[in-house]
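Q: Below is the structure I would like to discuss, written out as structure tokens.
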Amino acid sequence: MIHEGPEITEFDLLAYADGRLDGDPLHKERVRAYLDENPAEADRVNDYIAQNAQIERHYEAVLCEPVPERLMQTLASRFDNRRTFTHLSKLVATVLLCSAMAGIGGWWLGQSADETDTAIPAFVNRALADYDMPTPHDDSRAAKMPFPPKIDAMIKPPPDRINLAVGISNLIPNGFKVTKKRVITAAGEETLRLDFSALDGRNLSLFLGARGWNETPATSVAKKGNTSAVYWHDGPLSFGLVSRMSKEEILRIAETIRHSAQFRRRILDERLRPNDGQGQGLSAQHKSVPLKSFSDIPEIYGNSPQKPFPPARMPGIVNDL
Amino acid sequence: MAREIPHLRRYARALVRDPSAADDLVQDCLERALSKRHLWRRRGSMRSWLLKILYNIFKNDLRRLRRRPILSSIETSPPIQATVTNQEQYMACRNIVEALKLLSDGQRSAIELLALEDVSYEEAAWILDIPVGTLRSRLSRGRELLRDFGWGVEKQPKIRRVR
């Protein structure tokens, strides 16, 4: 008989003995035919098959033995561990996620409100301390004195001059009215304090001082006991709004004041901007701008006729408080 | 994984022969498999993957045992006997499993794996971490040795050839 195809090799015989040709019936048939013609090889292959059968028979009982408890326990305990691990992993992941979100949120909030006990400007610390002190009386000086000279010193590199351009009316939150105003002098710096009260009994104080820190102008929050201070700066001035109200409410009022003050300043900036192209001084412009018309309540820092509006090259803040 | 345990125990028993030691081996294998489950690729069978782990542990244990010096007192040491030929050893084997002990570990593990588990040559070579050619070579030589000493169709040791 002629066997077509490749020659039968030792590996084919092994595969036949091991039953690995069952998936290839044609090849298996070729090997069988080869063995039929080669009895010695057939004996050898049959011996291999018998060896396999004996080995399998020797160990076949193991498959029927019950699995020892300790092996099943290994799987079970590991499964439990895995569940615990999974639970812990989820917990850790949650904590990490929350931390990350808190970090991101804190960073984001820090852009508008950052509550921290560290690096609180001295101005705010003074405001917090002063808020709790009993207010003696209205400071009549406040109505007469120019804005804290510290500010002038800071912002008056001749011949430039920038003054406060925010009227009191722009600083009064809705529902509040000014009850007291005074100038506080501490550590050689002067701060204007305005106390506001609402009909429902809420009180808050606004502190205005020379800008004493150079961080980015963001609204920040400091707290001392039950008293919270929301502070920011605008141009050369520092603002501190202090109250025992909730932080959220103080923040909301602070935003109102800040926007109002900025809006007022923008209007003034536009009115004070030279329009003749000749670099005309602000004094001339100012004369045509009835700044007091923007203030509907008595000013405490008057832009009095005795104090002419100073010239300035840059749009700034006009001292009309 | 649990349903593969009987097969793991069977091959472990063939490798180490002692039932308790075999179960220890399986336990190590399961623990290793669970700890390395992220390495499990769903190509091939779970049984082959577990058998590979099992054989690796066995191989490492064997290597470690061989490196460890065997300490025994003179009194308990067996007396040194005169040369015992392979022929006599094979004749003393009561079954093919005892005869398998006299083969090299590589030959024995290959023959037992192919006899016990329905794996392809490629899978078997992967499990034993050897090339397919080496696997076939070990199978052929090991089986021929067993056959030389009578382990074949007649199921009893018989001397066919005297070297």
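Convention: chains lettered A, B, ... in structure tokens order; per-chain residue numbering from 1; ligands numbered from 1 as shown.
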Could you list, as a list of chain:residue names, every residue within 7 Å of Leu192 (chain A), counting only C-alpha atoms and ignoring same-chain residues fewer than 3 positions away?
A: A:Arg182, A:Val183, A:Ile184, A:Phe207, A:Leu208, A:Gly209
Q: I need the chain A residues near chain B as a PyMOL selection string; criterion: at most 6 Å, counting only C-alpha atoms.
A: chain A and resi 47+50-52+56+62-63+71
Q: What is the distance between CA of Arg64 (chain B) and CA of Asp129 (chain B), in Å to one decimal?
A: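 CA of Arg64 (chain B) sits 18.1 Å away from CA of Asp129 (chain B).
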Q: Taking the DSSP secondary structure from the backbone, can you list the residues of region 233-264 of chain A that are strand (DSSP E or B), as a list in words?
A: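 Restricting region 233-264 of chain A to strand (DSSP E or B) produces His233, Asp234, Leu237, Ser238, Phe239, Gly240, Leu241, Val242 and Ser243 of chain A.
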Q: So, with only C-alpha atoms as the atoms that count, which of B:Ser109, B:Arg41, B:Arg66, B:Ala33 lies closest to Ala12 (chain B)?
A: B:Ser109
Q: Just the number, please: distance in Å from CA of Val178 (chain A) to CA of Leu194 (chain A), one decimal.
A: 6.8 Å
Q: As a PDB file with C-alpha atoms, in the first residue's frame, please: the residues near Thr9 (chain A) (cut-off 12 Å, only C-alpha atoms, same-chain neighbours under 3 positions excluded).
A:
ATOM      1  CA  GLY A   5       1.576  12.502   1.881  1.00  0.00           C
ATOM      2  CA  PRO A   6       4.541  13.199   4.077  1.00  0.00           C
ATOM      3  CA  ASP A  12       3.406  11.050  14.375  1.00  0.00           C
ATOM      4  CA  LEU A  13       3.691   7.799  16.268  1.00  0.00           C
ATOM      5  CA  LEU A  14       3.852   9.619  19.579  1.00  0.00           C
ATOM      6  CA  ALA A  15       0.849  11.700  18.660  1.00  0.00           C
ATOM      7  CA  TYR A  16      -1.020   8.571  17.692  1.00  0.00           C
ATOM      8  CA  HIS A  27      -3.679  11.643   9.256  1.00  0.00           C
ATOM      9  CA  ARG A  30      -2.380   7.145   7.504  1.00  0.00           C
ATOM     10  CA  VAL A  31      -0.525   6.402  10.759  1.00  0.00           C
ATOM     11  CA  TYR A  34       1.692   2.642   8.544  1.00  0.00           C
ATOM     12  CA  LEU A  35       1.519   0.677  11.788  1.00  0.00           C
ATOM     13  CA  GLU A  41       6.452  -0.025  15.366  1.00  0.00           C
TER      14      GLU A  41
ATOM     15  CA  ARG B 136       8.688  14.992  22.146  1.00  0.00           C
ATOM     16  CA  SER B 140      10.126   9.264  23.287  1.00  0.00           C
TER      17      SER B 140
END
